[in-house]
file final.pdb (PDB, C-alpha atoms, pLDDT in the B column)
MODEL        1
ATOM      1  CA  MET A 208      94.883  85.333  98.084  1.00 44.00           C
ATOM      2  CA  ASN A 209      93.174  82.098  97.208  1.00 46.00           C
ATOM      3  CA  THR A 210      95.154  79.493  99.131  1.00 50.00           C
ATOM      4  CA  LYS A 211      92.780  76.589  99.615  1.00 50.00           C
ATOM      5  CA  SER A 212      92.785  74.720 102.878  1.00 48.00           C
ATOM      6  CA  SER A 213      92.724  70.987 103.326  1.00 50.00           C
ATOM      7  CA  THR A 214      89.406  71.094 105.181  1.00 56.00           C
ATOM      8  CA  ASN A 215      86.157  69.912 103.695  1.00 62.00           C
ATOM      9  CA  ILE A 216      84.648  73.362 103.976  1.00 70.00           C
ATOM     10  CA  PRO A 217      83.984  74.806 100.519  1.00 70.00           C
ATOM     11  CA  LYS A 218      85.470  78.219  99.650  1.00 77.00           C
ATOM     12  CA  MET A 219      87.635  78.206 102.778  1.00 85.00           C
ATOM     13  CA  THR A 220      90.873  80.064 102.084  1.00 90.00           C
ATOM     14  CA  LEU A 221      93.811  80.813 104.318  1.00 92.00           C
ATOM     15  CA  LEU A 222      92.440  84.305 104.862  1.00 93.00           C
ATOM     16  CA  HIS A 223      89.061  82.823 105.895  1.00 93.00           C
ATOM     17  CA  TYR A 224      90.861  80.625 108.388  1.00 92.00           C
ATOM     18  CA  LEU A 225      92.914  83.522 109.762  1.00 93.00           C
ATOM     19  CA  VAL A 226      89.853  85.754 110.077  1.00 94.00           C
ATOM     20  CA  GLU A 227      87.834  83.047 111.810  1.00 93.00           C
ATOM     21  CA  THR A 228      90.679  82.180 114.177  1.00 93.00           C
ATOM     22  CA  SER A 229      91.380  85.795 115.083  1.00 94.00           C
ATOM     23  CA  GLU A 230      87.671  86.425 115.725  1.00 92.00           C
ATOM     24  CA  GLN A 231      87.492  83.369 117.968  1.00 92.00           C
ATOM     25  CA  ARG A 232      90.548  84.372 119.979  1.00 94.00           C
ATOM     26  CA  ASN A 233      89.877  88.109 120.197  1.00 91.00           C
ATOM     27  CA  GLN A 234      86.490  89.570 119.247  1.00 87.00           C
ATOM     28  CA  GLY A 235      87.890  93.069 118.624  1.00 89.00           C
ATOM     29  CA  ALA A 236      90.976  92.022 116.682  1.00 89.00           C
ATOM     30  CA  LEU A 237      89.510  92.970 113.312  1.00 92.00           C
ATOM     31  CA  GLU A 238      87.749  96.174 114.360  1.00 93.00           C
ATOM     32  CA  PHE A 239      90.369  98.124 112.397  1.00 92.00           C
ATOM     33  CA  VAL A 240      88.581  97.063 109.206  1.00 92.00           C
ATOM     34  CA  LYS A 241      85.431  98.986 110.175  1.00 92.00           C
ATOM     35  CA  ILE A 242      87.418 101.925 111.531  1.00 93.00           C
ATOM     36  CA  LEU A 243      89.626 102.322 108.439  1.00 91.00           C
ATOM     37  CA  GLN A 244      87.050 101.575 105.745  1.00 89.00           C
ATOM     38  CA  GLU A 245      85.818 105.135 105.187  1.00 91.00           C
ATOM     39  CA  PRO A 246      89.201 106.895 105.535  1.00 90.00           C
ATOM     40  CA  LEU A 247      90.789 104.440 103.094  1.00 90.00           C
ATOM     41  CA  GLU A 248      88.006 104.984 100.569  1.00 89.00           C
ATOM     42  CA  ASN A 249      88.379 108.763 100.882  1.00 88.00           C
ATOM     43  CA  ALA A 250      92.170 108.629 100.597  1.00 85.00           C
ATOM     44  CA  SER A 251      92.082 106.386  97.544  1.00 83.00           C
ATOM     45  CA  ARG A 252      89.811 108.833  95.690  1.00 86.00           C
ATOM     46  CA  PHE A 253      92.479 111.545  95.675  1.00 84.00           C
ATOM     47  CA  PRO A 254      95.891 110.323  94.501  1.00 88.00           C
ATOM     48  CA  MET A 255      98.730 112.170  96.194  1.00 86.00           C
ATOM     49  CA  ASN A 256     100.497 113.044  92.944  1.00 85.00           C
ATOM     50  CA  GLY A 257      97.257 114.415  91.506  1.00 87.00           C
ATOM     51  CA  VAL A 258      96.620 116.580  94.564  1.00 85.00           C
ATOM     52  CA  THR A 259     100.184 117.905  94.491  1.00 87.00           C
ATOM     53  CA  ASP A 260      99.979 118.650  90.758  1.00 89.00           C
ATOM     54  CA  GLU A 261      96.654 120.427  91.192  1.00 89.00           C
ATOM     55  CA  PHE A 262      98.005 122.586  94.021  1.00 87.00           C
ATOM     56  CA  ASN A 263     101.029 123.480  91.887  1.00 89.00           C
ATOM     57  CA  GLN A 264      98.760 124.466  88.983  1.00 92.00           C
ATOM     58  CA  LEU A 265      96.675 126.651  91.279  1.00 89.00           C
ATOM     59  CA  ARG A 266      99.833 128.229  92.703  1.00 89.00           C
ATOM     60  CA  GLY A 267     100.957 129.063  89.140  1.00 91.00           C
ATOM     61  CA  MET A 268      97.575 130.563  88.252  1.00 90.00           C
ATOM     62  CA  VAL A 269      97.589 132.788  91.330  1.00 88.00           C
ATOM     63  CA  LYS A 270     101.148 133.891  90.557  1.00 89.00           C
ATOM     64  CA  ARG A 271     100.259 134.742  86.936  1.00 90.00           C
ATOM     65  CA  LEU A 272      97.155 136.617  88.082  1.00 87.00           C
ATOM     66  CA  LYS A 273      99.276 138.632  90.523  1.00 86.00           C
ATOM     67  CA  GLN A 274     101.691 139.548  87.737  1.00 87.00           C
ATOM     68  CA  LYS A 275      98.878 140.620  85.432  1.00 86.00           C
ATOM     69  CA  CYS A 276      97.298 142.706  88.185  1.00 85.00           C
ATOM     70  CA  GLU A 277     100.573 144.521  88.777  1.00 83.00           C
ATOM     71  CA  GLN A 278     100.583 145.578  85.131  1.00 85.00           C
ATOM     72  CA  THR A 279      97.058 147.002  85.211  1.00 84.00           C
ATOM     73  CA  ASP A 280      95.713 150.284  86.499  1.00 84.00           C
ATOM     74  CA  ASP A 281      95.142 151.052  90.177  1.00 82.00           C
ATOM     75  CA  GLU A 282      91.367 150.474  90.095  1.00 83.00           C
ATOM     76  CA  VAL A 283      91.785 146.836  89.033  1.00 80.00           C
ATOM     77  CA  LYS A 284      94.577 146.352  91.573  1.00 81.00           C
ATOM     78  CA  THR A 285      92.379 147.519  94.437  1.00 83.00           C
ATOM     79  CA  GLN A 286      89.549 145.237  93.322  1.00 83.00           C
ATOM     80  CA  PHE A 287      91.801 142.173  93.228  1.00 83.00           C
ATOM     81  CA  THR A 288      94.071 142.896  96.209  1.00 84.00           C
ATOM     82  CA  ASP A 289      91.870 141.210  98.840  1.00 85.00           C
ATOM     83  CA  PHE A 290      91.221 138.232  96.588  1.00 87.00           C
ATOM     84  CA  LEU A 291      94.893 137.745  95.819  1.00 87.00           C
ATOM     85  CA  GLU A 292      95.891 138.042  99.476  1.00 88.00           C
ATOM     86  CA  LYS A 293      93.330 135.399 100.453  1.00 90.00           C
ATOM     87  CA  ALA A 294      94.371 133.186  97.552  1.00 89.00           C
ATOM     88  CA  ASP A 295      98.019 133.522  98.558  1.00 88.00           C
ATOM     89  CA  ALA A 296      97.194 132.592 102.162  1.00 91.00           C
ATOM     90  CA  GLN A 297      95.218 129.562 100.971  1.00 90.00           C
ATOM     91  CA  MET A 298      98.104 128.513  98.721  1.00 90.00           C
ATOM     92  CA  ASP A 299     100.463 128.702 101.701  1.00 91.00           C
ATOM     93  CA  GLU A 300      98.025 126.540 103.641  1.00 92.00           C
ATOM     94  CA  SER A 301      97.845 124.038 100.772  1.00 88.00           C
ATOM     95  CA  ASP A 302     101.652 123.946 100.676  1.00 89.00           C
ATOM     96  CA  ASP A 303     101.643 123.077 104.381  1.00 92.00           C
ATOM     97  CA  ILE A 304      99.084 120.322 103.770  1.00 88.00           C
ATOM     98  CA  THR A 305     101.101 118.932 100.873  1.00 87.00           C
ATOM     99  CA  GLU A 306     104.253 118.968 102.995  1.00 91.00           C
ATOM    100  CA  ARG A 307     102.451 117.093 105.791  1.00 93.00           C
ATOM    101  CA  MET A 308     101.208 114.533 103.245  1.00 88.00           C
ATOM    102  CA  HIS A 309     104.771 113.902 102.112  1.00 89.00           C
ATOM    103  CA  GLU A 310     105.987 113.647 105.705  1.00 93.00           C
ATOM    104  CA  GLN A 311     103.241 111.122 106.517  1.00 92.00           C
ATOM    105  CA  SER A 312     104.137 109.170 103.384  1.00 91.00           C
ATOM    106  CA  THR A 313     107.759 109.016 104.524  1.00 93.00           C
ATOM    107  CA  ARG A 314     106.728 107.904 108.023  1.00 94.00           C
ATOM    108  CA  LEU A 315     104.480 105.226 106.504  1.00 91.00           C
ATOM    109  CA  ALA A 316     107.319 103.949 104.322  1.00 93.00           C
ATOM    110  CA  GLN A 317     109.643 103.835 107.309  1.00 94.00           C
ATOM    111  CA  TYR A 318     107.083 102.072 109.495  1.00 93.00           C
ATOM    112  CA  PHE A 319     106.522  99.325 106.917  1.00 90.00           C
ATOM    113  CA  CYS A 320     110.251  99.128 106.053  1.00 92.00           C
ATOM    114  CA  GLU A 321     109.734 100.297 102.488  1.00 92.00           C
ATOM    115  CA  ASN A 322     112.225 102.165 100.338  1.00 91.00           C
ATOM    116  CA  GLU A 323     111.270 105.812 100.842  1.00 88.00           C
ATOM    117  CA  LYS A 324     112.301 106.858  97.340  1.00 89.00           C
ATOM    118  CA  ASN A 325     110.297 104.152  95.563  1.00 90.00           C
ATOM    119  CA  PHE A 326     107.372 104.130  97.979  1.00 91.00           C
ATOM    120  CA  ASN A 327     104.054 104.977  96.347  1.00 91.00           C
ATOM    121  CA  PRO A 328     101.491 105.852  99.021  1.00 90.00           C
ATOM    122  CA  ASP A 329      98.601 105.572  96.558  1.00 91.00           C
ATOM    123  CA  GLU A 330      99.489 101.967  95.726  1.00 91.00           C
ATOM    124  CA  PHE A 331      99.989 101.184  99.398  1.00 91.00           C
ATOM    125  CA  LEU A 332      96.626 102.640 100.410  1.00 90.00           C
ATOM    126  CA  ASP A 333      94.908 100.850  97.532  1.00 91.00           C
ATOM    127  CA  ALA A 334      96.474  97.515  98.537  1.00 92.00           C
ATOM    128  CA  PHE A 335      95.552  98.066 102.192  1.00 91.00           C
ATOM    129  CA  LYS A 336      91.992  99.018 101.192  1.00 93.00           C
ATOM    130  CA  HIS A 337      91.757  95.845  99.100  1.00 94.00           C
ATOM    131  CA  PHE A 338      93.064  93.803 102.040  1.00 94.00           C
ATOM    132  CA  CYS A 339      90.409  95.280 104.350  1.00 94.00           C
ATOM    133  CA  GLU A 340      87.705  94.572 101.753  1.00 94.00           C
ATOM    134  CA  ASN A 341      88.882  90.957 101.555  1.00 94.00           C
ATOM    135  CA  ILE A 342      88.735  90.628 105.336  1.00 95.00           C
ATOM    136  CA  ARG A 343      85.199  92.031 105.328  1.00 94.00           C
ATOM    137  CA  THR A 344      84.194  89.582 102.564  1.00 93.00           C
ATOM    138  CA  CYS A 345      85.649  86.700 104.579  1.00 94.00           C
ATOM    139  CA  GLN A 346      83.717  87.822 107.652  1.00 93.00           C
ATOM    140  CA  LEU A 347      80.478  87.826 105.654  1.00 93.00           C
ATOM    141  CA  ASP A 348      81.276  84.413 104.123  1.00 93.00           C
ATOM    142  CA  ILE A 349      81.903  82.989 107.590  1.00 92.00           C
ATOM    143  CA  GLN A 350      78.625  84.434 108.880  1.00 91.00           C
ATOM    144  CA  HIS A 351      76.714  82.912 105.948  1.00 92.00           C
ATOM    145  CA  ARG A 352      78.421  79.561 106.404  1.00 91.00           C
ATOM    146  CA  ARG A 353      77.593  79.528 110.131  1.00 90.00           C
ATOM    147  CA  ALA A 354      73.964  80.437 109.401  1.00 91.00           C
ATOM    148  CA  LYS A 355      73.707  77.552 106.911  1.00 90.00           C
ATOM    149  CA  GLU A 356      75.317  75.161 109.382  1.00 88.00           C
ATOM    150  CA  ASP A 357      72.837  76.238 112.073  1.00 90.00           C
ATOM    151  CA  MET A 358      69.938  75.721 109.668  1.00 90.00           C
ATOM    152  CA  VAL A 359      71.154  72.214 108.806  1.00 88.00           C
ATOM    153  CA  LYS A 360      71.523  71.394 112.518  1.00 88.00           C
ATOM    154  CA  ARG A 361      67.978  72.596 113.207  1.00 87.00           C
ATOM    155  CA  ARG A 362      66.607  70.519 110.346  1.00 85.00           C
ATOM    156  CA  ARG A 363      68.437  67.427 111.537  1.00 84.00           C
ATOM    157  CA  SER A 364      67.287  67.888 115.111  1.00 83.00           C
ATOM    158  CA  SER A 365      63.667  68.343 114.037  1.00 79.00           C
ATOM    159  CA  TRP A 366      63.719  65.307 111.710  1.00 68.00           C
ATOM    160  CA  ASN A 367      61.752  62.407 113.136  1.00 62.00           C
ATOM    161  CA  PRO A 368      62.133  59.006 111.399  1.00 59.00           C
ATOM    162  CA  CYS A 369      58.718  57.883 112.653  1.00 57.00           C
ATOM    163  CA  THR A 370      57.027  60.788 110.966  1.00 55.00           C
ATOM    164  CA  LYS A 371      58.780  59.967 107.710  1.00 55.00           C
ATOM    165  CA  SER A 372      57.648  56.331 107.694  1.00 57.00           C
ATOM    166  CA  GLN A 373      54.111  57.334 108.633  1.00 57.00           C
ATOM    167  CA  ASP A 374      54.075  59.857 105.781  1.00 57.00           C
ATOM    168  CA  LYS A 375      55.223  57.110 103.419  1.00 62.00           C
ATOM    169  CA  ASP A 376      52.399  54.798 104.568  1.00 61.00           C
ATOM    170  CA  VAL A 377      49.833  57.538 104.059  1.00 55.00           C
ATOM    171  CA  ARG A 378      51.123  58.218 100.537  1.00 58.00           C
ATOM    172  CA  GLU A 379      51.032  54.489  99.653  1.00 65.00           C
ATOM    173  CA  ARG A 380      47.429  54.159 100.868  1.00 59.00           C
ATOM    174  CA  ALA A 381      46.441  57.284  99.008  1.00 54.00           C
ATOM    175  CA  SER A 382      47.948  55.981  95.784  1.00 58.00           C
ATOM    176  CA  THR A 383      45.990  52.696  95.998  1.00 59.00           C
ATOM    177  CA  LEU A 384      42.737  54.593  96.379  1.00 52.00           C
ATOM    178  CA  TYR A 385      43.103  56.397  93.075  1.00 46.00           C
TER     179      TYR A 385
ENDMDL
END

call {"tool": "encode", "arguments": {"input": "final.pdb", "output": "C-alpha cells"}}
result
Amino acid sequence: MNTKSSTNIPKMTLLHYLVETSEQRNQGALEFVKILQEPLENASRFPMNGVTDEFNQLRGMVKRLKQKCEQTDDEVKTQFTDFLEKADAQMDESDDITERMHEQSTRLAQYFCENEKNFNPDEFLDAFKHFCENIRTCQLDIQHRRAKEDMVKRRRSSWNPCTKSQDKDVRERASTLY
C-alpha cells in the first residue's frame, strides 16, 4: 500500500500513519508482528498442497512396498515387517496431521469470512506475512525518522549565532593576512 498522506513528512504512507498512531496509543498493539514472524516464515516454506501431495506419494510407495513384500519369500518378509509397520504408523500420523491442516484451513477461512472452497491458505499466509513485513518496515522507518528529527533538534539547540559571526570574522581576518 503506498497511499501518500497530505503531511510534509517524506515517505509517510497510510500504513506508516496507522503504525505510528497504534504505537502511540498502545505500546503492545503491534507485538503480534514479532510473535508471528517466525511461524509465518516457516509456514510459507511448505505449501499445503505440496505437503499433502508428498504425503500421498509416500503413502503410495509404502503400499507398493507392502505388496512387493507379500510376493517375496518369508526371509524378506521378516526383514521388512518391522519397517513396514513403523512406516504404516507414521503414514497414519501424517494423515492425521494433514487432516488437522485442512481443518485449520477451514477454520481460518471461516474466521476471515472467506469462501471455504476457494480459500487458499498458502496465499493467505503469504499475504499476511507480507503485511507483517510491511508493518516491521514502517516501524523501522519511523524509528529512523525520529532519530533524524532528534539529531536536527540537537543541532539547532546547540547552534549559537554569536559563534557563527565570530567564526566569520576570524575567517575574514585570516584571508587578509594571506

call {"tool": "resolve_selection", "arguments": {"input": "final.pdb", "expression": "the PyMOL selection byres ((chain A and resi 236-244) around 8)", "output": "ChimeraX atom specification"}}
result
/A:226,229-230,233-235,245-248,336,339-340,342-343

call {"tool": "atom_distance", "arguments": {"input": "final.pdb", "atom1": "atom CA of Leu291 of chain A", "atom2": "atom CA of Asn256 of chain A"}}
result
25.5 Å

call {"tool": "closest_residue", "arguments": {"input": "final.pdb", "among": "A:Arg362, A:Gln297, A:Glu330, A:Gln231", "to": "Phe253 of chain A", "atoms": "all atoms listed in the file"}}
result
A:Glu330

call {"tool": "resolve_selection", "arguments": {"input": "final.pdb", "expression": "the PyMOL selection byres ((chain A and resi 328) around 12)", "output": "number ranges by chain"}}
result
A: 247, 250-251, 253-256, 308-317, 319, 321-327, 329-336

call {"tool": "closest_residue", "arguments": {"input": "final.pdb", "among": "A:Arg352, A:Lys293, A:Lys273, A:Lys284", "to": "Pro217 of chain A", "atoms": "all atoms listed in the file"}}
result
A:Arg352

call {"tool": "closest_residue", "arguments": {"input": "final.pdb", "among": "A:Thr259, A:Thr220, A:Met268, A:Arg361", "to": "Arg307 of chain A", "atoms": "only C-alpha atoms"}}
result
A:Thr259

call {"tool": "closest_residue", "arguments": {"input": "final.pdb", "among": "A:Arg252, A:Gly267, A:Glu300, A:Ile349", "to": "Leu222 of chain A", "atoms": "all atoms listed in the file"}}
result
A:Ile349

call {"tool": "closest_residue", "arguments": {"input": "final.pdb", "among": "A:Glu356, A:Glu306, A:Asp348, A:Glu292", "to": "Leu272 of chain A", "atoms": "only C-alpha atoms"}}
result
A:Glu292

call {"tool": "atom_distance", "arguments": {"input": "final.pdb", "atom1": "atom CA of Leu347 of chain A", "atom2": "atom CA of Lys360 of chain A"}}
result
19.9 Å

call {"tool": "atom_distance", "arguments": {"input": "final.pdb", "atom1": "atom CA of Phe290 of chain A", "atom2": "atom CA of Asp260 of chain A"}}
result
22.2 Å
